[in-house]
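Structure data follow from start-v8.txt (compact mmCIF, C-alpha atoms):
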# COMPACT_ATOMS: atom_id res chain seq x y z
CA MET A 1 -11.43 7.38 -18.05
CA GLN A 2 -7.79 6.33 -18.24
CA ILE A 3 -5.74 6.60 -15.03
CA ALA A 4 -2.01 6.29 -15.64
CA PHE A 5 0.61 5.57 -12.98
CA GLY A 6 3.97 6.91 -14.16
CA LEU A 7 6.60 4.57 -12.74
CA TYR A 8 10.39 4.38 -12.76
CA GLN A 9 13.16 2.23 -11.37
CA GLY A 10 13.35 2.86 -7.61
CA PHE A 11 9.88 4.18 -6.81
CA THR A 12 8.51 3.55 -3.32
CA ALA A 13 5.94 0.76 -3.53
CA LEU A 14 3.28 2.04 -1.12
CA ASP A 15 3.30 5.48 -2.82
CA ALA A 16 1.83 3.79 -5.88
CA ILE A 17 -0.09 0.86 -4.40
CA GLY A 18 -2.09 3.00 -1.94
CA PRO A 19 -3.82 5.03 -4.68
CA TYR A 20 -3.81 2.00 -6.99
CA GLN A 21 -5.96 0.08 -4.51
CA VAL A 22 -8.43 2.96 -4.36
CA LEU A 23 -8.52 3.88 -8.06
CA THR A 24 -8.82 0.34 -9.41
CA ASN A 25 -12.12 0.20 -7.51
CA LEU A 26 -13.49 3.27 -9.29
CA PRO A 27 -16.25 2.20 -11.69
CA GLY A 28 -15.36 3.02 -15.28
CA ALA A 29 -11.67 3.57 -14.63
CA GLU A 30 -9.04 1.93 -16.81
CA VAL A 31 -5.84 1.88 -14.77
CA VAL A 32 -2.56 1.55 -16.64
CA LEU A 33 0.96 1.24 -15.24
CA CYS A 34 3.57 2.75 -17.51
CA ALA A 35 7.24 3.59 -17.51
CA GLU A 36 9.93 4.82 -19.88
CA ARG A 37 10.19 1.32 -21.33
CA LYS A 38 8.18 -1.85 -21.09
CA GLY A 39 9.80 -4.60 -19.07
CA GLU A 40 10.88 -5.07 -15.50
CA LEU A 41 11.11 -2.37 -12.85
CA SER A 42 11.90 -2.78 -9.19
CA ASP A 43 11.00 -0.69 -6.20
CA ASP A 44 13.50 1.19 -4.06
CA ASN A 45 14.19 -1.92 -1.97
CA GLY A 46 14.93 -3.96 -5.07
CA LEU A 47 12.68 -6.71 -3.71
CA LEU A 48 9.46 -6.04 -5.58
CA ARG A 49 9.95 -6.69 -9.27
CA PHE A 50 7.12 -5.47 -11.46
CA GLN A 51 6.51 -6.35 -15.10
CA ILE A 52 5.39 -3.22 -16.96
CA ASP A 53 3.39 -3.59 -20.16
CA ALA A 54 3.11 0.01 -21.37
CA SER A 55 5.69 2.67 -22.18
CA PHE A 56 5.19 6.42 -21.82
CA ASP A 57 4.80 6.52 -25.61
CA ASP A 58 1.85 4.15 -25.31
CA VAL A 59 0.06 6.42 -22.83
CA ARG A 60 0.15 9.94 -24.19
CA GLU A 61 -3.21 11.31 -23.08
CA PRO A 62 -4.27 9.89 -19.74
CA ASP A 63 -7.24 11.54 -18.08
CA VAL A 64 -5.62 11.17 -14.67
CA LEU A 65 -1.91 10.98 -14.00
CA VAL A 66 -0.38 9.68 -10.75
CA VAL A 67 3.34 9.97 -9.99
CA PRO A 68 4.65 8.15 -6.88
CA GLY A 69 7.76 9.20 -5.00
CA GLY A 70 11.11 7.70 -4.17
CA THR A 71 14.55 8.97 -3.23
CA ILE A 72 15.62 8.83 -6.89
CA THR A 73 13.08 11.54 -7.82
CA ARG A 74 15.73 14.17 -6.97
CA LYS A 75 17.84 12.81 -9.82
CA LEU A 76 14.89 12.43 -12.19
CA ALA A 77 13.88 16.03 -11.54
CA ARG A 78 17.40 17.44 -11.78
CA ASP A 79 18.21 15.58 -14.99
CA ARG A 80 14.81 16.15 -16.60
CA ALA A 81 14.48 12.38 -17.03
CA PRO A 82 11.97 10.98 -19.56
CA ILE A 83 9.24 10.88 -16.91
CA VAL A 84 9.53 14.66 -16.53
CA GLU A 85 9.05 15.19 -20.27
CA TRP A 86 6.14 12.77 -20.23
CA VAL A 87 4.42 14.54 -17.34
CA GLU A 88 4.93 17.93 -18.97
CA ALA A 89 3.32 16.79 -22.23
CA ALA A 90 0.50 14.77 -20.64
CA HIS A 91 -0.40 17.44 -18.11
CA ALA A 92 -1.51 19.78 -20.91
CA ARG A 93 -4.53 17.52 -21.48
CA THR A 94 -5.19 15.73 -18.19
CA THR A 95 -8.30 16.21 -16.15
CA TRP A 96 -6.26 15.62 -12.99
CA THR A 97 -2.51 15.57 -12.45
CA THR A 98 -1.47 14.08 -9.11
CA SER A 99 1.54 13.02 -7.08
CA VAL A 100 2.36 11.18 -3.90
CA CYS A 101 5.36 11.99 -1.69
CA THR A 102 8.42 13.14 -3.67
CA GLY A 103 6.58 12.41 -6.89
CA ALA A 104 5.84 16.13 -6.45
CA LEU A 105 9.45 16.87 -7.44
CA VAL A 106 8.78 15.27 -10.83
CA LEU A 107 5.65 17.38 -11.26
CA ALA A 108 7.60 20.44 -10.17
CA ALA A 109 10.44 19.81 -12.62
CA ALA A 110 7.80 19.50 -15.34
CA GLY A 111 6.56 22.98 -14.45
CA VAL A 112 3.24 21.71 -13.13
CA LEU A 113 3.65 23.26 -9.69
CA ASP A 114 4.96 26.72 -10.64
CA GLY A 115 3.61 29.12 -8.04
CA ARG A 116 1.14 26.56 -6.75
CA PRO A 117 0.57 25.47 -3.14
CA ALA A 118 1.62 21.82 -2.99
CA THR A 119 2.80 19.14 -0.61
CA THR A 120 5.36 16.35 -0.62
CA HIS A 121 7.19 14.19 1.91
CA TRP A 122 8.12 16.47 4.83
CA ILE A 123 11.83 15.84 4.17
CA ALA A 124 11.56 17.51 0.74
CA TYR A 125 9.74 20.80 1.40
CA ASP A 126 12.85 22.87 0.64
CA GLU A 127 13.62 20.99 -2.55
CA LEU A 128 10.03 21.46 -3.70
CA ALA A 129 10.27 25.20 -3.00
CA GLY A 130 13.46 25.26 -5.06
CA TYR A 131 11.39 24.35 -8.11
CA GLY A 132 9.01 27.25 -7.58
CA ALA A 133 6.18 25.49 -5.72
CA ARG A 134 4.78 26.77 -2.42
CA PRO A 135 5.08 23.82 0.01
CA THR A 136 2.44 23.43 2.69
CA GLU A 137 2.20 20.86 5.46
CA GLN A 138 -1.30 19.74 4.47
CA ARG A 139 -1.81 16.04 3.86
CA VAL A 140 -3.52 16.57 0.51
CA VAL A 141 -3.47 19.79 -1.50
CA VAL A 142 -6.01 20.36 -4.25
CA ASP A 143 -5.12 23.33 -6.46
CA GLY A 144 -7.03 23.58 -9.70
CA LYS A 145 -6.58 20.26 -11.46
CA VAL A 146 -3.43 19.41 -9.54
CA ILE A 147 -3.50 17.27 -6.39
CA THR A 148 -0.39 16.55 -4.35
CA ALA A 149 -0.13 14.26 -1.32
CA ALA A 150 2.30 14.15 1.59
CA GLY A 151 4.68 11.22 2.15
CA VAL A 152 4.18 7.57 1.14
CA SER A 153 0.95 6.57 2.94
CA ALA A 154 -0.79 9.86 2.05
CA GLY A 155 -1.58 8.54 -1.41
CA ILE A 156 -4.56 6.68 0.03
CA ASP A 157 -6.05 9.92 1.37
CA MET A 158 -5.25 11.66 -1.93
CA ALA A 159 -6.96 9.00 -4.02
CA LEU A 160 -10.10 8.99 -1.86
CA THR A 161 -10.20 12.78 -2.14
CA LEU A 162 -9.89 12.52 -5.90
CA VAL A 163 -12.62 9.88 -6.15
CA GLY A 164 -14.90 12.05 -4.02
CA ILE A 165 -14.40 14.96 -6.41
CA MET A 166 -14.72 12.90 -9.59
CA ALA A 167 -17.46 10.45 -8.64
CA GLY A 168 -19.08 11.77 -5.47
CA ALA A 169 -18.91 11.07 -1.76
CA GLU A 170 -20.92 7.84 -1.96
CA VAL A 171 -18.46 6.19 -4.31
CA ALA A 172 -15.50 7.32 -2.22
CA GLN A 173 -17.15 6.03 0.95
CA ALA A 174 -17.92 2.70 -0.69
CA ILE A 175 -14.28 2.29 -1.72
CA GLN A 176 -13.14 3.33 1.77
CA LEU A 177 -15.38 0.66 3.30
CA GLY A 178 -14.24 -1.93 0.77
CA ILE A 179 -10.59 -1.44 1.74
CA GLU A 180 -11.63 -1.06 5.39
CA TYR A 181 -9.73 2.19 5.65
CA ASP A 182 -10.48 3.04 9.25
CA PRO A 183 -6.91 3.77 10.28
CA GLN A 184 -5.87 3.22 13.89
CA PRO A 185 -2.11 3.72 14.08
CA PRO A 186 -0.72 2.34 17.35
CA TYR A 187 1.44 5.48 17.70
CA ASP A 188 0.91 9.14 16.86
CA ALA A 189 4.24 9.99 15.32
CA GLY A 190 3.35 10.19 11.64
CA ALA A 191 4.14 13.87 11.07
CA PRO A 192 7.13 16.04 12.03
CA SER A 193 4.91 18.13 14.30
CA LYS A 194 3.75 15.00 16.16
CA ALA A 195 6.89 12.88 16.46
CA PRO A 196 9.27 13.24 19.41
CA SER A 197 12.19 15.47 18.37
CA GLU A 198 14.78 12.71 18.75
CA ILE A 199 12.75 10.51 16.41
CA LEU A 200 12.55 13.35 13.91
CA ASP A 201 16.31 13.84 14.10
CA LEU A 202 16.93 10.11 13.65
CA VAL A 203 14.65 9.76 10.63
CA THR A 204 16.03 12.92 9.04
CA ALA A 205 19.57 11.52 9.37
CA VAL A 206 18.57 8.13 7.95
CA MET A 207 16.77 9.71 4.99
CA ARG A 208 19.62 12.10 4.22
CA ALA A 209 22.01 9.14 4.27
CA ASP A 210 19.72 7.31 1.87
CA GLU A 211 19.76 10.29 -0.48
CA GLU A 212 23.57 10.29 -0.30
CA ARG A 213 23.64 6.58 -1.11
CA VAL A 214 21.18 6.80 -4.00
CA LEU A 215 22.28 10.09 -5.51
CA GLY A 216 26.01 9.87 -4.84
CA MET B 1 15.34 -12.14 11.33
CA GLN B 2 13.62 -13.43 8.20
CA ILE B 3 10.19 -12.00 7.41
CA ALA B 4 8.35 -14.00 4.74
CA PHE B 5 5.33 -12.80 2.77
CA GLY B 6 3.36 -15.81 1.58
CA LEU B 7 1.83 -14.84 -1.77
CA TYR B 8 -0.46 -16.47 -4.31
CA GLN B 9 -2.13 -15.65 -7.59
CA GLY B 10 -4.91 -13.14 -6.90
CA PHE B 11 -3.82 -11.56 -3.62
CA THR B 12 -4.88 -7.98 -2.93
CA ALA B 13 -1.88 -5.73 -3.48
CA LEU B 14 -2.28 -3.27 -0.60
CA ASP B 15 -2.77 -6.13 1.88
CA ALA B 16 0.85 -7.07 1.24
CA ILE B 17 2.45 -3.74 0.33
CA GLY B 18 1.20 -1.93 3.46
CA PRO B 19 3.11 -4.18 5.89
CA TYR B 20 5.93 -4.58 3.34
CA GLN B 21 6.58 -0.84 3.44
CA VAL B 22 6.76 -0.93 7.23
CA LEU B 23 8.73 -4.14 7.68
CA THR B 24 11.38 -3.44 5.01
CA ASN B 25 12.31 -0.45 7.16
CA LEU B 26 12.93 -2.61 10.24
CA PRO B 27 16.66 -2.72 10.95
CA GLY B 28 18.02 -6.25 10.70
CA ALA B 29 15.04 -7.64 8.85
CA GLU B 30 15.48 -9.76 5.74
CA VAL B 31 12.20 -9.59 3.84
CA VAL B 32 11.44 -12.36 1.35
CA LEU B 33 8.47 -12.72 -0.99
CA CYS B 34 7.59 -16.32 -1.66
CA ALA B 35 4.88 -18.36 -3.35
CA GLU B 36 4.13 -21.93 -4.32
CA ARG B 37 6.44 -21.57 -7.30
CA LYS B 38 9.00 -19.03 -8.44
CA GLY B 39 7.92 -16.96 -11.41
CA GLU B 40 5.18 -14.49 -12.14
CA LEU B 41 2.16 -13.78 -9.97
CA SER B 42 -0.48 -11.13 -10.47
CA ASP B 43 -2.73 -9.38 -8.01
CA ASP B 44 -6.50 -9.70 -7.98
CA ASN B 45 -6.86 -6.99 -10.61
CA GLY B 46 -4.46 -8.79 -12.93
CA LEU B 47 -2.67 -5.48 -13.51
CA LEU B 48 0.24 -5.78 -11.12
CA ARG B 49 2.55 -8.54 -12.25
CA PHE B 50 5.19 -9.51 -9.72
CA GLN B 51 8.26 -11.64 -10.34
CA ILE B 52 8.75 -13.99 -7.38
CA ASP B 53 12.20 -15.40 -6.66
CA ALA B 54 11.53 -17.83 -3.83
CA SER B 55 9.24 -20.82 -3.48
CA PHE B 56 7.65 -22.02 -0.24
CA ASP B 57 10.25 -24.81 -0.26
CA ASP B 58 12.98 -22.18 -0.20
CA VAL B 59 11.53 -20.50 2.90
CA ARG B 60 10.77 -23.18 5.42
CA GLU B 61 11.57 -21.47 8.72
CA PRO B 62 10.76 -17.78 8.58
CA ASP B 63 10.84 -15.91 11.87
CA VAL B 64 7.84 -13.85 10.85
CA LEU B 65 5.15 -14.92 8.43
CA VAL B 66 2.70 -12.51 6.75
CA VAL B 67 -0.26 -13.72 4.69
CA PRO B 68 -2.24 -11.09 2.74
CA GLY B 69 -5.87 -11.51 1.74
CA GLY B 70 -7.85 -11.68 -1.45
CA THR B 71 -11.19 -13.08 -2.57
CA ILE B 72 -9.47 -16.31 -3.68
CA THR B 73 -8.48 -17.13 -0.06
CA ARG B 74 -11.87 -18.84 0.36
CA LYS B 75 -10.81 -21.36 -2.27
CA LEU B 76 -7.26 -21.70 -0.90
CA ALA B 77 -8.65 -22.40 2.57
CA ARG B 78 -11.36 -24.78 1.42
CA ASP B 79 -8.99 -26.77 -0.82
CA ARG B 80 -6.09 -26.76 1.62
CA ALA B 81 -3.92 -25.24 -1.10
CA PRO B 82 -0.10 -25.40 -0.81
CA ILE B 83 -0.01 -22.09 1.06
CA VAL B 84 -2.13 -23.66 3.83
CA GLU B 85 0.30 -26.55 4.20
CA TRP B 86 3.21 -24.13 4.19
CA VAL B 87 1.66 -21.93 6.89
CA GLU B 88 0.86 -24.96 9.04
CA ALA B 89 4.45 -26.23 8.89
CA ALA B 90 6.14 -22.83 9.24
CA HIS B 91 3.90 -21.68 12.10
CA ALA B 92 5.34 -24.41 14.33
CA ARG B 93 8.62 -22.48 14.46
CA THR B 94 7.76 -18.83 13.79
CA THR B 95 8.21 -16.09 16.32
CA TRP B 96 5.19 -14.29 14.84
CA THR B 97 2.49 -15.54 12.49
CA THR B 98 0.39 -12.77 10.97
CA SER B 99 -2.32 -12.07 8.43
CA VAL B 100 -4.04 -9.14 6.78
CA CYS B 101 -7.69 -9.16 5.69
CA THR B 102 -8.89 -12.57 4.48
CA GLY B 103 -5.36 -13.89 4.79
CA ALA B 104 -6.82 -14.92 8.17
CA LEU B 105 -8.82 -17.63 6.37
CA VAL B 106 -5.53 -19.21 5.26
CA LEU B 107 -4.23 -19.10 8.83
CA ALA B 108 -7.51 -20.53 10.06
CA ALA B 109 -7.49 -23.39 7.54
CA ALA B 110 -3.96 -24.17 8.74
CA GLY B 111 -5.28 -24.52 12.29
CA VAL B 112 -3.45 -21.43 13.51
CA LEU B 113 -6.58 -19.68 14.76
CA ASP B 114 -8.35 -22.57 16.50
CA GLY B 115 -10.22 -21.06 19.43
CA ARG B 116 -8.34 -17.79 19.14
CA PRO B 117 -9.75 -14.27 18.98
CA ALA B 118 -8.90 -12.96 15.52
CA THR B 119 -9.95 -10.43 12.92
CA THR B 120 -10.32 -10.32 9.14
CA HIS B 121 -12.11 -8.21 6.55
CA TRP B 122 -15.58 -7.43 7.96
CA ILE B 123 -17.21 -9.30 5.08
CA ALA B 124 -15.63 -12.57 6.24
CA TYR B 125 -16.36 -12.75 9.98
CA ASP B 126 -18.76 -15.67 9.55
CA GLU B 127 -16.40 -17.62 7.33
CA LEU B 128 -13.62 -17.11 9.86
CA ALA B 129 -15.87 -18.37 12.65
CA GLY B 130 -16.61 -21.41 10.49
CA TYR B 131 -12.96 -22.43 10.85
CA GLY B 132 -13.09 -22.26 14.63
CA ALA B 133 -11.70 -18.77 15.23
CA ARG B 134 -13.46 -16.19 17.38
CA PRO B 135 -13.87 -13.11 15.14
CA THR B 136 -13.72 -9.68 16.72
CA GLU B 137 -14.19 -6.27 15.14
CA GLN B 138 -10.85 -4.96 16.41
CA ARG B 139 -8.49 -3.51 13.83
CA VAL B 140 -5.53 -5.57 15.03
CA VAL B 141 -5.71 -8.61 17.31
CA VAL B 142 -2.62 -9.85 19.10
CA ASP B 143 -3.12 -13.29 20.63
CA GLY B 144 0.03 -15.05 21.74
CA LYS B 145 2.35 -15.10 18.75
CA VAL B 146 -0.49 -14.64 16.27
CA ILE B 147 -1.48 -11.21 14.94
CA THR B 148 -4.42 -10.70 12.61
CA ALA B 149 -5.47 -7.46 10.95
CA ALA B 150 -8.80 -6.25 9.58
CA GLY B 151 -9.34 -5.54 5.87
CA VAL B 152 -6.76 -4.43 3.29
CA SER B 153 -5.40 -1.15 4.71
CA ALA B 154 -5.21 -2.56 8.27
CA GLY B 155 -1.93 -4.27 7.46
CA ILE B 156 -0.13 -0.97 8.03
CA ASP B 157 -1.48 -0.76 11.59
CA MET B 158 -0.69 -4.43 12.12
CA ALA B 159 2.91 -4.07 10.98
CA LEU B 160 3.53 -1.00 13.14
CA THR B 161 2.07 -2.89 16.10
CA LEU B 162 4.38 -5.82 15.37
CA VAL B 163 7.44 -3.57 15.05
CA GLY B 164 6.55 -1.92 18.35
CA ILE B 165 6.46 -5.30 20.07
CA MET B 166 9.59 -6.66 18.40
CA ALA B 167 11.81 -3.59 18.34
CA GLY B 168 10.23 -1.03 20.64
CA ALA B 169 8.10 2.07 20.30
CA GLU B 170 10.94 4.29 19.09
CA VAL B 171 11.63 2.13 16.06
CA ALA B 172 7.91 1.90 15.24
CA GLN B 173 7.53 5.67 15.57
CA ALA B 174 10.55 6.26 13.35
CA ILE B 175 9.08 4.03 10.65
CA GLN B 176 5.70 5.73 11.03
CA LEU B 177 7.33 9.13 10.52
CA GLY B 178 9.37 7.84 7.60
CA ILE B 179 6.25 6.73 5.74
CA GLU B 180 4.41 9.83 7.01
CA TYR B 181 1.59 7.69 8.34
CA ASP B 182 -0.59 10.43 9.77
CA PRO B 183 -3.83 9.29 8.17
CA GLN B 184 -6.51 11.85 7.40
CA PRO B 185 -9.23 10.10 5.42
CA PRO B 186 -11.57 12.61 3.77
CA TYR B 187 -14.56 10.49 4.85
CA ASP B 188 -15.33 8.40 7.94
CA ALA B 189 -16.85 5.33 6.35
CA GLY B 190 -14.05 2.81 6.74
CA ALA B 191 -15.83 0.35 9.02
CA PRO B 192 -19.30 -1.24 8.88
CA SER B 193 -20.27 0.55 12.08
CA LYS B 194 -19.31 3.93 10.58
CA ALA B 195 -20.54 3.71 6.99
CA PRO B 196 -24.08 4.76 6.02
CA SER B 197 -26.26 1.64 5.80
CA GLU B 198 -26.91 2.03 2.06
CA ILE B 199 -23.15 2.14 1.46
CA LEU B 200 -22.72 -1.00 3.55
CA ASP B 201 -25.44 -2.76 1.56
CA LEU B 202 -23.86 -1.69 -1.73
CA VAL B 203 -20.35 -2.83 -0.82
CA THR B 204 -21.63 -6.11 0.59
CA ALA B 205 -23.45 -6.80 -2.68
CA VAL B 206 -20.39 -5.90 -4.78
CA MET B 207 -18.09 -8.09 -2.69
CA ARG B 208 -20.48 -11.05 -2.71
CA ALA B 209 -20.71 -10.73 -6.50
CA ASP B 210 -16.92 -10.72 -6.68
CA GLU B 211 -16.81 -13.90 -4.60
CA GLU B 212 -19.31 -15.47 -7.00
CA ARG B 213 -17.18 -14.43 -9.98
CA VAL B 214 -13.90 -15.65 -8.50
CA LEU B 215 -15.12 -18.82 -6.79
CA GLY B 216 -17.83 -19.87 -9.26
As structure tokens - that is how I would like this structure written.
Amino acid sequence: MQIAFGLYQGFTALDAIGPYQVLTNLPGAEVVLCAERKGELSDDNGLLRFQIDASFDDVREPDVLVVPGGTITRKLARDRAPIVEWVEAAHARTTWTTSVCTGALVLAAAGVLDGRPATTHWIAYDELAGYGARPTEQRVVVDGKVITAAGVSAGIDMALTLVGIMAGAEVAQAIQLGIEYDPQPPYDAGAPSKAPSEILDLVTAVMRADEERVLG
Amino acid sequence: MQIAFGLYQGFTALDAIGPYQVLTNLPGAEVVLCAERKGELSDDNGLLRFQIDASFDDVREPDVLVVPGGTITRKLARDRAPIVEWVEAAHARTTWTTSVCTGALVLAAAGVLDGRPATTHWIAYDELAGYGARPTEQRVVVDGKVITAAGVSAGIDMALTLVGIMAGAEVAQAIQLGIEYDPQPPYDAGAPSKAPSEILDLVTAVMRADEERVLG
């Protein structure tokens, strides 16, 4: 069972590392991190520098595919970057094709989400709809063999859901206990429907400015 | 405001990346990743290879210190590895000294937790007590300028708590919304008191075997 994380310059670290921490604990799983080219990639802060040992060409038929998000996904999707081509080809033979956050835009550009219910970071619902998906506000959406997760931290919930489906509730519970995932956020502002409206306005403005900065 | 992550070969990725994703969003924060030596470090799976640009000598007076966990912390603590010396020296001048998971054992070996209430991964309560701390089952423990978090995923809750104290609830809520941290685990087995007893026995056995493998 090969589980491939499709990475790119500028991905958001927690989008990938949340499900990574769950899926590397799945018995029998071979997790591989791949990107367009071997070599160094950094996250969207430019602080985490990862050494990548496998290219997309090296990982043509993963059983499970995970695509994290990042502001730059808008550009990857629009330009049909190599990761989009890779997802399109690999998806034809995966058992599960998944995304976290705006990784859904990459799946959508690859045609994976055509007409499907799907989720993404709340800031990107309209963009996701523009690619023909049907955005929902659910945290994790399972539709056939495609699983999409909401923003950033939702990849943990997605991966536990996936493990539960693939390996059973006991295995998923064991992994949950191992990573002590008994979340107790000190605030209850983690979704647009829960955050105070001025907080929602602030974060929307900050994220739109980030898109402007990254996408020009 | 310099926030230093003290890393070492074999740390658990999510322990660090959870709080990293929160704290890199804190306005005015300069986040730095440091280790005994510059160069490459890998996580406990050996799959994530990080390039580290700062040594402990380069980061002598961080305002905030974060130490992630990993099975190897038992050895680091027992041997008073360089990270223990670094924490001991830096703690004298920090504003906040924090840990995630068994990173608490490093803090404890550095004398930071003497007589203090503190938390760690549930598997390590006894070891933590052995260093003179007073383990509690809370998810996040704030005691003076020291904040400890429970296992792996608890670093997200810890970092949001810290941001709330340092910068106010609005900033913490904005970051929570930005990373869409509205957790909805598909199971409720993330703490020893919640998991079925056979799952607890299984995970305890697996983790003890991992300690045996790593520590010899």
9 Å contact set for range 195-205 of chain B, only C-alpha atoms, chain neighbours under 5 positions out, as a ChimeraX atom specification: /A:170-171,173-175,177-178 /B:123,188-190,210
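With all atoms listed in the file as the atoms that count, the minimum distance from Ser99 in chain B to the choices B:Gly151, B:Pro186, B:Pro62, B:Gly144 is reached by B:Gly151.
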From A:Arg139, A:Ile3, A:Ser153, A:Glu127, residue lying nearest Pro185 in chain A [all atoms listed in the file]: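 Using all atoms listed in the file, the shortest distance to Pro185 in chain A belongs to A:Ser153.
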Thr119 in chain A surroundings by all atoms listed in the file, 7 Å radius, close-in-sequence under 6 positions cut, as an MDAnalysis selection string: chainID A and resid 135:138 140:141 148:150
Rank nothing, just name the residue among A:Ala35, A:Ile52, A:Leu128, A:Ala89 nearest to Thr102 in chain A, using all atoms listed in the file.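 That would be A:Leu128, the residue with the smallest distance to Thr102 in chain A.
For the pair CA of Met158 in chain A and CA of Leu41 in chain A, the interatomic distance is 24.2 Å.
For the choices B:Met166, B:Val206, B:Leu26, B:Val112, the atom-to-atom distance to chain A is smallest for B:Val206 when using only C-alpha atoms.
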Applying 12 Å and all atoms listed in the file, which residues near Ala81 in chain A remain after dropping the ones on its own chain fewer than 3 positions away? List them as a ChimeraX atom specification. /A:7-9,35-36,72-78,84-88,105-107,109-110
Save out the residues we just selected, C-alpha atoms, as a CSV table (one decimal), keeping the file's coordinate frame.
chain,number,residue,atom,x,y,z
A,7,LEU,CA,6.6,4.6,-12.7
A,8,TYR,CA,10.4,4.4,-12.8
A,9,GLN,CA,13.2,2.2,-11.4
A,35,ALA,CA,7.2,3.6,-17.5
A,36,GLU,CA,9.9,4.8,-19.9
A,72,ILE,CA,15.6,8.8,-6.9
A,73,THR,CA,13.1,11.5,-7.8
A,74,ARG,CA,15.7,14.2,-7.0
A,75,LYS,CA,17.8,12.8,-9.8
A,76,LEU,CA,14.9,12.4,-12.2
A,77,ALA,CA,13.9,16.0,-11.5
A,78,ARG,CA,17.4,17.4,-11.8
A,84,VAL,CA,9.5,14.7,-16.5
A,85,GLU,CA,9.0,15.2,-20.3
A,86,TRP,CA,6.1,12.8,-20.2
A,87,VAL,CA,4.4,14.5,-17.3
A,88,GLU,CA,4.9,17.9,-19.0
A,105,LEU,CA,9.4,16.9,-7.4
A,106,VAL,CA,8.8,15.3,-10.8
A,107,LEU,CA,5.6,17.4,-11.3
A,109,ALA,CA,10.4,19.8,-12.6
A,110,ALA,CA,7.8,19.5,-15.3
Can you tell me how far CA of Ser42 in chain A sits from CA of Gly10 in chain A, in Å to one decimal?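 Answer for the CA of Ser42 in chain A to CA of Gly10 in chain A separation: 6.0 Å.
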At a cut-off of 10 Å around the point (6.5, 3.1, -22.1) (file coordinates), what residues fall inside when counting only C-alpha atoms? I'd like the answer as a JSON list (two decimals) with C-alpha atoms, keeping the file's coordinate frame.
[["chain", "number", "residue", "atom", "x", "y", "z"],
["A", 6, "GLY", "CA", 3.97, 6.91, -14.16],
["A", 7, "LEU", "CA", 6.60, 4.57, -12.74],
["A", 33, "LEU", "CA", 0.96, 1.24, -15.24],
["A", 34, "CYS", "CA", 3.57, 2.75, -17.51],
["A", 35, "ALA", "CA", 7.24, 3.59, -17.51],
["A", 36, "GLU", "CA", 9.93, 4.82, -19.88],
["A", 37, "ARG", "CA", 10.19, 1.32, -21.33],
["A", 38, "LYS", "CA", 8.18, -1.85, -21.09],
["A", 39, "GLY", "CA", 9.80, -4.60, -19.07],
["A", 52, "ILE", "CA", 5.39, -3.22, -16.96],
["A", 53, "ASP", "CA", 3.39, -3.59, -20.16],
["A", 54, "ALA", "CA", 3.11, 0.01, -21.37],
["A", 55, "SER", "CA", 5.69, 2.67, -22.18],
["A", 56, "PHE", "CA", 5.19, 6.42, -21.82],
["A", 57, "ASP", "CA", 4.80, 6.52, -25.61],
["A", 58, "ASP", "CA", 1.85, 4.15, -25.31],
["A", 59, "VAL", "CA", 0.06, 6.42, -22.83],
["A", 60, "ARG", "CA", 0.15, 9.94, -24.19],
["A", 82, "PRO", "CA", 11.97, 10.98, -19.56],
["A", 83, "ILE", "CA", 9.24, 10.88, -16.91],
["A", 86, "TRP", "CA", 6.14, 12.77, -20.23]]
Residues proximal to (-6.3, -10.0, -9.1) were defined as those with any atom within 9 Å of that point in the file's coordinates, counting all atoms listed in the file. Which are they, as an mmCIF file with C-alpha atoms, keeping the file's coordinate frame?
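And here is the file that came out, part03.cif:
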data_model
loop_
_atom_site.group_PDB
_atom_site.id
_atom_site.type_symbol
_atom_site.label_atom_id
_atom_site.label_comp_id
_atom_site.auth_asym_id
_atom_site.auth_seq_id
_atom_site.Cartn_x
_atom_site.Cartn_y
_atom_site.Cartn_z
ATOM 1 C CA GLN B 9 -2.130 -15.650 -7.590
ATOM 2 C CA GLY B 10 -4.910 -13.140 -6.900
ATOM 3 C CA PHE B 11 -3.820 -11.560 -3.620
ATOM 4 C CA THR B 12 -4.880 -7.980 -2.930
ATOM 5 C CA ALA B 13 -1.880 -5.730 -3.480
ATOM 6 C CA SER B 42 -0.480 -11.130 -10.470
ATOM 7 C CA ASP B 43 -2.730 -9.380 -8.010
ATOM 8 C CA ASP B 44 -6.500 -9.700 -7.980
ATOM 9 C CA ASN B 45 -6.860 -6.990 -10.610
ATOM 10 C CA GLY B 46 -4.460 -8.790 -12.930
ATOM 11 C CA LEU B 47 -2.670 -5.480 -13.510
ATOM 12 C CA LEU B 48 0.240 -5.780 -11.120
ATOM 13 C CA GLY B 70 -7.850 -11.680 -1.450
ATOM 14 C CA THR B 71 -11.190 -13.080 -2.570
ATOM 15 C CA ILE B 72 -9.470 -16.310 -3.680
#
Measure the distance from CA of Gly155 in chain A to CA of Val31 in chain B in Å and round it to one decimal.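 We find that CA of Gly155 in chain A and CA of Val31 in chain B lie 23.4 Å from each other.
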Box for range 34-42 of chain B: with edges along x, y and z, all listed atoms inside and 5 Å added on each side, what are the centre and edge lengths in Å to one decimal, as lines of an AutoDock Vina configuration file?
center_x = 4.3
center_y = -16.5
center_z = -6.9
size_x = 19.5
size_y = 20.8
size_z = 20.5
Need the shell around Gly18 in chain A: protein/DNA/RNA residues with any atom at most 12 Å away, counting all atoms listed in the file. Skip same-chain ones fewer than 4 positions apart. Format as a VMD selection string? (chain A and resid 5 12 to 14 22 to 25 66 to 68 99 to 101 149 151 to 160 176 179 181) or (chain B and resid 12 to 19 21 152 to 153 155 to 156 179 181)
